[in-house]
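Undergrad: Below is the file work-v1.cif, with mmCIF, C-alpha atoms.
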```
data_target
#
loop_
_atom_site.label_atom_id
_atom_site.label_comp_id
_atom_site.auth_asym_id
_atom_site.auth_seq_id
_atom_site.Cartn_x
_atom_site.Cartn_y
_atom_site.Cartn_z
CA MET Z 1073 -67.80 -21.85 8.73
CA PRO Z 1074 -67.12 -18.42 10.30
CA ARG Z 1075 -63.71 -16.91 9.66
CA TYR Z 1076 -60.93 -15.86 12.01
CA PRO Z 1077 -58.94 -12.63 11.70
CA GLU Z 1078 -56.02 -12.99 9.32
CA HIS Z 1079 -53.38 -12.46 12.02
CA LEU Z 1080 -54.59 -15.60 13.81
CA THR Z 1081 -54.62 -17.91 10.80
CA GLY Z 1082 -51.66 -20.14 10.07
CA GLU Z 1083 -49.46 -20.61 13.09
CA GLY Z 1084 -50.49 -17.27 14.59
CA PRO Z 1085 -49.25 -16.12 18.00
CA VAL Z 1086 -47.78 -18.78 20.27
CA ASN Z 1087 -48.17 -18.70 24.04
CA PRO Z 1088 -44.63 -18.09 25.36
CA PHE Z 1089 -45.49 -19.31 28.87
CA PRO Z 1090 -47.72 -22.41 28.82
CA GLY Z 1091 -46.93 -23.03 32.48
CA ILE Z 1092 -45.35 -25.69 34.64
CA LYS Z 1093 -48.53 -27.76 35.02
CA VAL Z 1094 -48.87 -28.08 31.26
CA LEU Z 1095 -45.18 -28.97 30.96
CA GLU Z 1096 -45.46 -31.61 33.71
CA ARG Z 1097 -48.33 -33.27 31.87
CA LYS Z 1098 -46.33 -33.30 28.64
CA LEU Z 1099 -43.33 -34.84 30.41
CA GLY Z 1100 -45.43 -37.24 32.44
CA ARG Z 1101 -43.69 -36.37 35.72
CA GLU Z 1102 -43.52 -33.67 38.36
CA LEU Z 1103 -40.94 -30.89 38.41
CA PRO Z 1104 -40.49 -30.18 42.14
CA HIS Z 1105 -37.65 -27.65 41.80
CA ARG Z 1106 -39.17 -24.45 40.36
CA LEU Z 1107 -36.08 -22.38 39.57
CA GLY Z 1108 -37.16 -20.79 36.30
CA SER Z 1109 -40.55 -19.08 36.66
CA ASN Z 1110 -39.53 -16.22 38.98
CA GLU Z 1111 -42.34 -16.76 41.48
CA GLY Z 1112 -41.96 -15.57 45.08
CA LEU Z 1113 -41.70 -19.13 46.37
CA ASP Z 1114 -39.81 -18.29 49.57
CA MET Z 1115 -42.15 -15.52 50.71
CA PRO Z 1116 -43.14 -16.57 54.27
CA HIS Z 1117 -46.65 -15.08 54.04
CA ARG Z 1118 -46.94 -14.80 57.82
CA ALA Z 1119 -49.67 -12.13 57.63
CA LEU Z 1120 -51.58 -14.02 54.97
CA ARG Z 1121 -51.42 -17.26 56.93
CA GLU Z 1122 -52.53 -15.55 60.13
CA HIS Z 1123 -55.48 -13.94 58.37
CA PHE Z 1124 -56.66 -16.80 56.13
CA GLY Z 1125 -54.85 -19.92 57.32
CA ASP Z 1126 -52.23 -22.20 55.79
CA ALA Z 1127 -54.73 -23.86 53.44
CA VAL Z 1128 -55.19 -20.60 51.54
CA ALA Z 1129 -51.55 -19.61 51.58
CA GLN Z 1130 -50.45 -22.80 49.84
CA HIS Z 1131 -52.37 -21.79 46.70
CA VAL Z 1132 -50.95 -18.30 46.24
CA TYR Z 1133 -47.29 -18.93 45.49
CA CYS Z 1134 -47.46 -20.27 41.96
CA TYR Z 1135 -49.08 -19.40 38.68
CA GLY Z 1136 -52.26 -21.34 38.03
CA ASP Z 1137 -52.67 -24.23 35.64
CA ALA Z 1138 -53.06 -22.46 32.28
CA GLU Z 1139 -55.35 -25.27 31.09
CA ALA Z 1140 -57.36 -25.49 34.35
CA LEU Z 1141 -57.45 -29.24 33.92
CA GLY Z 1142 -58.97 -30.04 37.31
CA VAL Z 1143 -61.91 -27.69 36.75
CA ARG Z 1144 -62.43 -28.92 33.20
CA GLN Z 1145 -62.37 -32.55 34.29
CA ARG Z 1146 -65.12 -31.91 36.83
CA LEU Z 1147 -67.25 -29.93 34.39
CA SER Z 1148 -66.77 -32.62 31.76
CA ALA Z 1149 -67.86 -35.40 34.11
CA GLN Z 1150 -70.82 -33.54 35.58
CA GLN Z 1151 -72.23 -32.14 32.35
CA ASN Z 1152 -71.17 -34.86 29.93
CA ILE Z 1153 -69.13 -32.42 27.84
CA PRO Z 1154 -65.98 -33.73 26.11
CA LEU Z 1155 -62.88 -32.38 27.81
CA ASP Z 1156 -61.53 -30.88 24.59
CA HIS Z 1157 -64.75 -28.87 24.17
CA LEU Z 1158 -64.06 -26.85 27.34
CA LEU Z 1159 -61.92 -23.78 28.00
CA VAL Z 1160 -61.75 -22.08 31.43
CA ASP Z 1161 -61.14 -18.37 31.84
CA ALA Z 1162 -61.68 -15.54 34.34
CA GLY Z 1163 -65.46 -15.36 34.25
CA ALA Z 1164 -67.99 -14.75 31.50
CA ASP Z 1165 -66.84 -11.15 31.03
CA SER Z 1166 -63.29 -12.26 30.29
CA LEU Z 1167 -64.66 -14.91 27.95
CA ILE Z 1168 -66.65 -12.28 26.04
CA ALA Z 1169 -63.48 -10.24 25.56
CA LEU Z 1170 -61.57 -13.38 24.58
CA ALA Z 1171 -64.21 -14.40 22.03
CA LEU Z 1172 -64.08 -10.94 20.47
CA ARG Z 1173 -60.26 -11.03 20.30
CA THR Z 1174 -60.46 -14.42 18.62
CA THR Z 1175 -63.07 -13.55 16.01
CA CYS Z 1176 -63.02 -9.81 15.31
CA THR Z 1177 -60.73 -6.94 14.42
CA ALA Z 1178 -61.23 -3.18 14.49
CA GLY Z 1179 -63.88 -2.07 12.04
CA ASP Z 1180 -65.81 -5.36 12.02
CA ALA Z 1181 -69.56 -5.11 12.55
CA VAL Z 1182 -71.03 -6.96 15.53
CA VAL Z 1183 -74.69 -7.25 16.49
CA SER Z 1184 -76.46 -7.44 19.85
CA THR Z 1185 -79.86 -6.45 21.19
CA ALA Z 1186 -80.21 -2.83 22.34
CA GLY Z 1187 -80.07 -2.93 26.14
CA THR Z 1188 -78.91 -6.49 26.61
CA TYR Z 1189 -75.91 -7.23 28.84
CA PRO Z 1190 -73.92 -4.03 28.24
CA THR Z 1191 -70.46 -5.49 28.85
CA PHE Z 1192 -70.55 -7.02 25.39
CA GLY Z 1193 -70.94 -3.62 23.75
CA TYR Z 1194 -68.34 -2.15 26.09
CA PHE Z 1195 -65.72 -4.69 24.98
CA ALA Z 1196 -66.77 -4.62 21.32
CA GLN Z 1197 -66.50 -0.85 21.05
CA GLY Z 1198 -63.24 -0.89 23.01
CA GLN Z 1199 -61.86 -3.23 20.37
CA GLY Z 1200 -62.94 -0.84 17.62
CA CYS Z 1201 -65.88 -2.89 16.37
CA HIS Z 1202 -68.98 -1.28 14.86
CA LEU Z 1203 -71.86 -2.11 17.19
CA ILE Z 1204 -75.33 -2.64 15.70
CA GLU Z 1205 -78.24 -2.88 18.15
CA PRO Z 1206 -81.69 -4.02 17.00
CA SER Z 1207 -84.45 -3.41 19.53
CA TYR Z 1208 -86.07 -5.97 21.81
CA HIS Z 1209 -89.36 -7.53 20.83
CA GLU Z 1210 -91.90 -6.09 23.26
CA ALA Z 1211 -95.43 -7.34 23.89
CA PRO Z 1212 -97.68 -7.88 26.92
CA GLY Z 1213 -95.69 -10.11 29.25
CA VAL Z 1214 -92.79 -10.31 26.78
CA LEU Z 1215 -89.43 -8.58 26.55
CA ALA Z 1216 -87.21 -10.75 24.37
CA PRO Z 1217 -84.27 -10.38 22.01
CA ASP Z 1218 -85.65 -10.34 18.47
CA LEU Z 1219 -83.86 -13.21 16.75
CA GLU Z 1220 -85.15 -12.33 13.29
CA ALA Z 1221 -83.92 -8.76 13.71
CA LEU Z 1222 -80.51 -9.99 14.86
CA ALA Z 1223 -80.18 -12.22 11.79
CA ALA Z 1224 -81.38 -9.48 9.44
CA ALA Z 1225 -78.87 -7.00 10.86
CA ALA Z 1226 -76.08 -9.56 10.56
CA HIS Z 1227 -76.81 -9.93 6.83
CA GLN Z 1228 -77.29 -6.21 6.20
CA GLU Z 1229 -74.08 -5.23 7.99
CA GLU Z 1230 -72.03 -8.30 6.99
CA ALA Z 1231 -71.44 -8.82 10.69
CA ARG Z 1232 -68.55 -10.88 11.99
CA LEU Z 1233 -70.36 -11.85 15.21
CA VAL Z 1234 -73.82 -11.82 16.81
CA TYR Z 1235 -74.15 -11.79 20.61
CA LEU Z 1236 -77.15 -13.34 22.36
CA ALA Z 1237 -77.69 -13.84 26.09
CA ASN Z 1238 -79.94 -16.85 26.66
CA PRO Z 1239 -81.51 -16.67 29.21
CA ASP Z 1240 -81.42 -12.96 28.59
CA ASN Z 1241 -80.03 -10.37 30.95
CA PRO Z 1242 -81.87 -8.14 31.85
CA SER Z 1243 -85.26 -9.48 30.73
CA GLY Z 1244 -84.86 -13.09 31.92
CA HIS Z 1245 -86.41 -14.37 28.67
CA LEU Z 1246 -85.45 -17.87 27.52
CA HIS Z 1247 -85.42 -18.81 23.85
CA SER Z 1248 -85.95 -22.49 23.05
CA ASP Z 1249 -83.17 -24.75 21.80
CA THR Z 1250 -84.95 -24.91 18.44
CA ALA Z 1251 -84.97 -21.13 18.21
CA ILE Z 1252 -81.22 -21.02 18.88
CA LEU Z 1253 -80.53 -23.54 16.13
CA LYS Z 1254 -82.75 -21.60 13.72
CA LEU Z 1255 -80.86 -18.41 14.54
CA ARG Z 1256 -77.54 -20.08 13.82
CA GLU Z 1257 -78.91 -21.31 10.48
CA ALA Z 1258 -80.23 -17.85 9.64
CA LEU Z 1259 -76.90 -16.07 10.22
CA PRO Z 1260 -74.41 -15.52 7.42
CA GLU Z 1261 -72.01 -18.44 7.07
CA ALA Z 1262 -69.04 -16.23 7.95
CA CYS Z 1263 -70.69 -14.86 11.12
CA TRP Z 1264 -70.11 -16.23 14.61
CA LEU Z 1265 -72.80 -16.66 17.26
CA LEU Z 1266 -71.59 -15.79 20.76
CA LEU Z 1267 -74.14 -17.45 23.03
CA ASP Z 1268 -73.92 -16.15 26.60
CA GLU Z 1269 -75.51 -18.75 28.89
CA ALA Z 1270 -74.38 -17.26 32.20
CA TYR Z 1271 -77.82 -17.96 33.70
CA GLY Z 1272 -78.28 -21.38 32.12
CA ASP Z 1273 -78.01 -23.20 35.45
CA PHE Z 1274 -81.41 -21.77 36.40
CA ARG Z 1275 -83.18 -23.27 33.39
CA ASP Z 1276 -85.59 -26.09 34.24
CA ASP Z 1277 -83.76 -28.24 31.66
CA ALA Z 1278 -80.27 -27.22 32.78
CA GLY Z 1279 -78.90 -30.76 32.49
CA SER Z 1280 -80.15 -31.41 28.95
CA GLU Z 1281 -77.96 -32.95 26.29
CA PHE Z 1282 -78.34 -29.92 24.03
CA LEU Z 1283 -76.80 -27.58 26.59
CA GLY Z 1284 -73.60 -29.63 26.64
CA GLN Z 1285 -73.09 -29.65 22.89
CA ALA Z 1286 -70.46 -27.72 20.99
CA LEU Z 1287 -72.32 -26.22 18.02
CA PRO Z 1288 -70.59 -25.34 14.73
CA GLY Z 1289 -70.04 -21.61 14.40
CA VAL Z 1290 -71.05 -21.02 18.03
CA ILE Z 1291 -69.08 -20.10 21.16
CA ARG Z 1292 -71.11 -20.84 24.30
CA LEU Z 1293 -70.21 -19.09 27.55
CA ARG Z 1294 -70.99 -20.18 31.12
CA THR Z 1295 -70.01 -18.92 34.57
CA LEU Z 1296 -69.55 -20.18 38.10
CA SER Z 1297 -70.56 -16.75 39.46
CA LYS Z 1298 -74.29 -17.34 39.84
CA ALA Z 1299 -75.36 -20.89 40.69
CA HIS Z 1300 -71.98 -21.70 42.25
CA GLY Z 1301 -71.62 -18.42 44.18
CA LEU Z 1302 -68.08 -17.65 42.99
CA ALA Z 1303 -68.53 -14.19 41.42
CA GLY Z 1304 -65.64 -12.77 43.44
CA MET Z 1305 -63.29 -15.53 42.27
CA ARG Z 1306 -63.78 -14.77 38.54
CA ILE Z 1307 -64.08 -18.10 36.76
CA GLY Z 1308 -66.19 -19.33 33.87
CA TYR Z 1309 -65.91 -21.56 30.83
CA ALA Z 1310 -66.54 -21.75 27.11
CA ILE Z 1311 -67.98 -24.67 25.17
CA ALA Z 1312 -66.96 -24.87 21.53
CA GLU Z 1313 -65.39 -27.18 18.99
CA PRO Z 1314 -61.72 -27.99 19.70
CA ASP Z 1315 -60.35 -26.01 16.74
CA VAL Z 1316 -62.22 -22.93 17.95
CA LEU Z 1317 -60.85 -23.28 21.48
CA ALA Z 1318 -57.35 -23.76 20.05
CA MET Z 1319 -57.66 -20.37 18.36
CA MET Z 1320 -58.95 -18.81 21.58
CA MET Z 1321 -55.95 -20.20 23.44
CA LYS Z 1322 -53.65 -18.32 21.05
CA VAL Z 1323 -54.82 -14.98 22.41
CA ARG Z 1324 -55.87 -15.91 25.94
CA ILE Z 1325 -54.15 -14.38 28.97
CA HIS Z 1326 -52.10 -17.32 30.25
CA TYR Z 1327 -52.73 -17.16 33.97
CA ALA Z 1328 -55.97 -15.17 34.21
CA VAL Z 1329 -57.46 -17.82 36.52
CA SER Z 1330 -55.44 -18.03 39.72
CA SER Z 1331 -54.38 -21.19 41.52
CA PHE Z 1332 -56.63 -20.33 44.44
CA THR Z 1333 -59.62 -19.66 42.19
CA GLN Z 1334 -59.16 -23.04 40.52
CA ALA Z 1335 -58.83 -24.77 43.89
CA ALA Z 1336 -62.00 -23.07 45.17
CA ALA Z 1337 -63.92 -24.00 42.02
CA GLU Z 1338 -62.84 -27.63 42.33
CA VAL Z 1339 -64.11 -27.77 45.92
CA VAL Z 1340 -67.49 -26.32 44.96
CA LEU Z 1341 -67.78 -28.60 41.93
CA ASP Z 1342 -67.00 -31.56 44.17
CA HIS Z 1343 -70.19 -30.76 46.12
CA PRO Z 1344 -72.90 -30.64 43.44
CA ASP Z 1345 -75.68 -31.33 45.95
CA GLU Z 1346 -75.06 -27.97 47.59
CA VAL Z 1347 -75.15 -26.28 44.18
CA ARG Z 1348 -78.43 -27.99 43.29
CA GLN Z 1349 -79.99 -27.01 46.61
CA HIS Z 1350 -78.92 -23.41 46.06
CA ILE Z 1351 -80.41 -23.36 42.57
CA GLU Z 1352 -83.74 -24.70 43.81
CA ALA Z 1353 -83.80 -22.13 46.63
CA VAL Z 1354 -83.09 -19.31 44.17
CA LYS Z 1355 -85.86 -20.47 41.83
CA ALA Z 1356 -88.31 -20.64 44.75
CA ARG Z 1357 -87.42 -17.09 45.81
CA ARG Z 1358 -87.68 -15.91 42.21
CA GLU Z 1359 -91.21 -17.29 41.96
CA GLN Z 1360 -92.12 -15.81 45.34
CA LEU Z 1361 -90.96 -12.38 44.21
CA ALA Z 1362 -92.80 -12.72 40.91
CA LEU Z 1363 -96.05 -13.72 42.58
CA HIS Z 1364 -95.76 -10.93 45.16
CA PHE Z 1365 -95.30 -8.18 42.59
CA THR Z 1366 -97.81 -9.63 40.16
CA ALA Z 1367 -100.38 -9.44 42.95
CA LEU Z 1368 -99.57 -5.73 43.23
CA GLY Z 1369 -100.36 -5.27 39.55
CA ALA Z 1370 -96.76 -5.16 38.31
CA ASP Z 1371 -95.72 -6.17 34.80
CA VAL Z 1372 -93.38 -8.96 35.96
CA LEU Z 1373 -91.36 -10.45 33.11
CA PRO Z 1374 -91.03 -14.26 32.91
CA SER Z 1375 -87.55 -15.26 34.06
CA ALA Z 1376 -85.33 -18.31 33.71
CA THR Z 1377 -82.55 -16.67 35.74
CA ASN Z 1378 -81.76 -15.74 39.34
CA PHE Z 1379 -83.60 -12.41 39.11
CA VAL Z 1380 -86.95 -10.92 38.17
CA GLY Z 1381 -87.47 -7.96 35.89
CA ILE Z 1382 -90.33 -5.52 36.48
CA ARG Z 1383 -91.39 -3.24 33.63
CA LEU Z 1384 -92.72 0.02 35.05
CA PRO Z 1385 -95.02 2.41 33.17
CA SER Z 1386 -92.25 4.94 32.50
CA ALA Z 1387 -88.52 5.51 32.73
CA GLU Z 1388 -89.20 8.49 35.00
CA LEU Z 1389 -91.03 6.33 37.54
CA ALA Z 1390 -88.28 3.71 37.40
CA ALA Z 1391 -85.66 6.41 38.02
CA ALA Z 1392 -87.60 7.78 40.99
CA VAL Z 1393 -88.04 4.32 42.54
CA HIS Z 1394 -84.38 3.53 41.99
CA GLN Z 1395 -83.25 6.73 43.69
CA GLU Z 1396 -85.63 6.29 46.63
CA LEU Z 1397 -84.42 2.73 47.22
CA LEU Z 1398 -80.79 3.83 46.89
CA ALA Z 1399 -81.34 6.50 49.55
CA GLU Z 1400 -82.51 3.69 51.85
CA GLY Z 1401 -79.40 1.64 51.15
CA VAL Z 1402 -81.15 -0.75 48.77
CA LEU Z 1403 -79.49 -1.29 45.40
CA VAL Z 1404 -81.60 -2.73 42.61
CA ALA Z 1405 -80.61 -2.55 38.95
CA ARG Z 1406 -82.19 0.13 36.80
CA LEU Z 1407 -81.12 -0.41 33.23
CA ALA Z 1408 -78.94 2.26 31.68
CA HIS Z 1409 -79.97 1.79 28.05
CA PRO Z 1410 -82.69 4.32 27.13
CA GLU Z 1411 -84.83 1.67 25.43
CA LEU Z 1412 -85.09 -0.31 28.70
CA ALA Z 1413 -84.88 2.52 31.23
CA ASN Z 1414 -88.31 1.60 32.62
CA VAL Z 1415 -87.16 -1.85 33.78
CA ILE Z 1416 -86.11 -2.60 37.36
CA ARG Z 1417 -84.19 -5.85 37.98
CA ILE Z 1418 -84.18 -7.54 41.40
CA THR Z 1419 -81.88 -10.40 42.36
CA ALA Z 1420 -83.73 -13.28 44.04
CA VAL Z 1421 -81.75 -13.35 47.28
CA GLU Z 1422 -83.32 -13.83 50.71
CA ASP Z 1423 -82.84 -10.16 51.56
CA ALA Z 1424 -85.18 -9.18 48.71
CA LEU Z 1425 -88.03 -10.96 50.54
CA ALA Z 1426 -87.59 -9.08 53.82
CA PRO Z 1427 -90.82 -7.19 54.65
CA GLY Z 1428 -90.51 -3.53 53.67
CA ARG Z 1429 -87.19 -3.98 51.86
CA LEU Z 1430 -88.74 -2.89 48.54
CA ALA Z 1431 -91.44 -0.67 49.99
CA ALA Z 1432 -90.68 2.20 47.60
CA LEU Z 1433 -91.34 -0.04 44.63
CA GLU Z 1434 -94.48 -1.50 46.20
CA LYS Z 1435 -95.81 1.99 46.90
CA ALA Z 1436 -95.13 3.14 43.35
CA LEU Z 1437 -96.95 0.14 41.91
CA GLN Z 1438 -99.99 0.78 44.09
CA GLN Z 1439 -100.07 4.45 43.11
CA HIS Z 1440 -99.49 3.97 39.38
CA GLY Z 1441 -101.07 0.57 38.80
#
```
Starting from the file, lay out its structure as structure tokens.

TA:
Amino acid sequence: MPRYPEHLTGEGPVNPFPGIKVLERKLGRELPHRLGSNEGLDMPHRALREHFGDAVAQHVYCYGDAEALGVRQRLSAQQNIPLDHLLVDAGADSLIALALRTTCTAGDAVVSTAGTYPTFGYFAQGQGCHLIEPSYHEAPGVLAPDLEALAAAAHQEEARLVYLANPDNPSGHLHSDTAILKLREALPEACWLLLDEAYGDFRDDAGSEFLGQALPGVIRLRTLSKAHGLAGMRIGYAIAEPDVLAMMMKVRIHYAVSSFTQAAAEVVLDHPDEVRQHIEAVKARREQLALHFTALGADVLPSATNFVGIRLPSAELAAAVHQELLAEGVLVARLAHPELANVIRITAVEDALAPGRLAALEKALQQHG
């Protein structure tokens, strides 16, 4: 079983402010007179009400439920995940930082693929960790994290944690469930696997039993930013064994997820048909984009996400296309890491399909195909 930092073992830090909602559940009754939490309960919010309406204003007065019970209950019911296997926090980025705080200390080695979602490395280095980055596996039609290289680096460096995005960002590659289990088995016993599944809702098997399981030695991360359209609200969740989540709660920011964010998430989760329709529409646009650029001779990477990646012949061409599009007010993602600087990533929104929207890229493909 992977280890925790010494300062978290034993009793460790204790949350000094578990919150009124948690206290009410422990007492089994409501506490209507909030005289101890120093919230601005008598603020009239006239401007806020005029701008957004009373329904919004009612959610802004009080600290949110530190356990986000309503959100967790809905996720548990919809995805058949035990309630005590779920922890809600302020988006996948916050969950990455939380997982690192829970498992690593300064000087620990951590491993991720060179050029994968860069926020992981940003947080890891900010925490003083030693970041090891094996290269992607590249082949015709393939740009995938190299699982064998990740495992080998974890052993060589005695890593405390390995990060893997699956489906991958920015390549869109999806490793099979069997491959994930084999990776976990191949890692050192004392090493954690941080499995970022932010794009998992766009998998064809998104409702599978495996995706709802808490795996030993693994912290799985999900988000409501993509399929649920709540990126601006900042909310996501972790799936892990209860003892792992208990350790994460020791170092979690108490009220990172606001009352309004939780209320908005509950409304969206209460309308799963709209979410499913959105996912299907995104997948259709993704395939339309892929077919369009494949017909132009582009090296379009297979994607199980809400975007398509296009691998251009050179980083210089990708930079030129990126700048030309930017001058036209069109922002696509050109990857910052030098090993992937020839990849352009396009989100599969309706605007991406507008005729001429990506003309600079189309022209470059025709000239350099």

Undergrad: Just want the 6 Å neighbourhood of Z:Thr1377, counted on all atoms listed in the file, with same-chain residues fewer than 4 positions away dropped. Output as a list in words.

TA: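 My list of contacting residues is Gly1244, Tyr1271 and Phe1274 of chain Z.
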
Undergrad: What does the distance between atom CA of Z:Asp1137 and atom CA of Z:Gly1284 come to in Å, to one decimal place?

TA: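 Here the two named atoms are 23.4 Å from each other.
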
Undergrad: Can you pull out every residue within 8 Å of stretch 1437-1440 of chain Z, counting all atoms listed in the file, but drop anything in the same chain fewer than 3 positions away, and send it as a ChimeraX atom specification?

TA: /Z:1368-1370,1385,1433-1434

Undergrad: Rounded to one decimal in Å, what is the spacing between atom CA of Z:Asn1238 and atom CA of Z:Leu1412?

TA: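 Calculated distance between atom CA of Z:Asn1238 and atom CA of Z:Leu1412 is 17.4 Å.
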
Undergrad: Ranking Z:His1157, Z:Arg1383, Z:Arg1173, Z:Lys1098 by minimum distance to Z:Val1323 and counting all atoms listed in the file, which one comes first?

TA: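 Checking each of Z:His1157, Z:Arg1383, Z:Arg1173, Z:Lys1098 against Z:Val1323, counting all atoms listed in the file, the winner is Z:Arg1173.
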
Undergrad: For atom CA of Z:Ala1424 and atom CA of Z:Leu1363, determine how far apart the two atoms are, in Å to one decimal place.

TA: 13.3 Å

Undergrad: List the residues selected by the PyMOL selection byres ((chain Z and resi 1235) around 9) in the file shown, writing them as JSON, numbers by chain.

TA: {"Z": [1182, 1183, 1184, 1185, 1192, 1222, 1233, 1234, 1236, 1237, 1264, 1265, 1266, 1267, 1268]}

Undergrad: Which one of Z:Glu1388, Z:Asp1161, Z:Asp1371, Z:Glu1205 sits closest to Z:Ser1243 if you count only C-alpha atoms?

TA: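 Among Z:Glu1388, Z:Asp1161, Z:Asp1371, Z:Glu1205, it is Z:Asp1371 that comes nearest to Z:Ser1243.
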
Undergrad: Find the spatial neighbours of Z:Val1347, counting all atoms listed in the file, within a cut-off of 12 Å - ignore same-chain residues fewer than 6 positions away - and output them as JSON, numbers by chain.

TA: {"Z": [1273, 1274, 1296, 1297, 1298, 1299, 1300, 1301, 1302, 1337, 1339, 1340, 1341, 1353, 1354]}

Undergrad: Here's a test: counting only C-alpha atoms, identify every protein, DNA and RNA residue with an atom at most 7 Å from (-93.2, 2.9, 32.3) in the file's coordinate frame, and state them as a ChimeraX atom specification.

TA: /Z:1383-1387,1389,1414

Undergrad: In terms of the shortest atom-to-atom distance over all atoms listed in the file, which of Z:Arg1097, Z:Arg1144, Z:His1409, Z:His1394 is closest to Z:Ala1431?

TA: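 Closest to Z:Ala1431, using all atoms listed in the file: Z:His1394.
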
Undergrad: Which residues match the PyMOL selection byres ((chain Z and resi 1248) around 12) in the file above, as an mmCIF file with C-alpha atoms, keeping the file's coordinate frame?

TA:
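Output (part36.cif):
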```
data_model
loop_
_atom_site.group_PDB
_atom_site.id
_atom_site.type_symbol
_atom_site.label_atom_id
_atom_site.label_comp_id
_atom_site.auth_asym_id
_atom_site.auth_seq_id
_atom_site.Cartn_x
_atom_site.Cartn_y
_atom_site.Cartn_z
ATOM 1 C CA ALA Z 1216 -87.210 -10.750 24.370
ATOM 2 C CA LEU Z 1219 -83.860 -13.210 16.750
ATOM 3 C CA ASN Z 1238 -79.940 -16.850 26.660
ATOM 4 C CA PRO Z 1239 -81.510 -16.670 29.210
ATOM 5 C CA ASP Z 1240 -81.420 -12.960 28.590
ATOM 6 C CA HIS Z 1245 -86.410 -14.370 28.670
ATOM 7 C CA LEU Z 1246 -85.450 -17.870 27.520
ATOM 8 C CA HIS Z 1247 -85.420 -18.810 23.850
ATOM 9 C CA ASP Z 1249 -83.170 -24.750 21.800
ATOM 10 C CA THR Z 1250 -84.950 -24.910 18.440
ATOM 11 C CA ALA Z 1251 -84.970 -21.130 18.210
ATOM 12 C CA ILE Z 1252 -81.220 -21.020 18.880
ATOM 13 C CA LEU Z 1253 -80.530 -23.540 16.130
ATOM 14 C CA LYS Z 1254 -82.750 -21.600 13.720
ATOM 15 C CA LEU Z 1255 -80.860 -18.410 14.540
ATOM 16 C CA GLY Z 1272 -78.280 -21.380 32.120
ATOM 17 C CA ARG Z 1275 -83.180 -23.270 33.390
ATOM 18 C CA ASP Z 1276 -85.590 -26.090 34.240
ATOM 19 C CA ASP Z 1277 -83.760 -28.240 31.660
ATOM 20 C CA PHE Z 1282 -78.340 -29.920 24.030
ATOM 21 C CA LEU Z 1283 -76.800 -27.580 26.590
ATOM 22 C CA ALA Z 1376 -85.330 -18.310 33.710
#
```

Undergrad: Between Z:Ala1391, Z:Ala1336, Z:Leu1425, Z:Leu1407, single out the one closest to Z:Ala1127, counting all atoms listed in the file.

TA: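 Selected residue with least distance to Z:Ala1127: Z:Ala1336.
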
Undergrad: Tell me, as an MDAnalysis selection string, which residues lie within 7 Å of Z:Arg1406, counting only C-alpha atoms; anything in the same chain fewer than 2 positions away does not count.

TA: chainID Z and resid 1394 1404 1408 1413 1415:1417
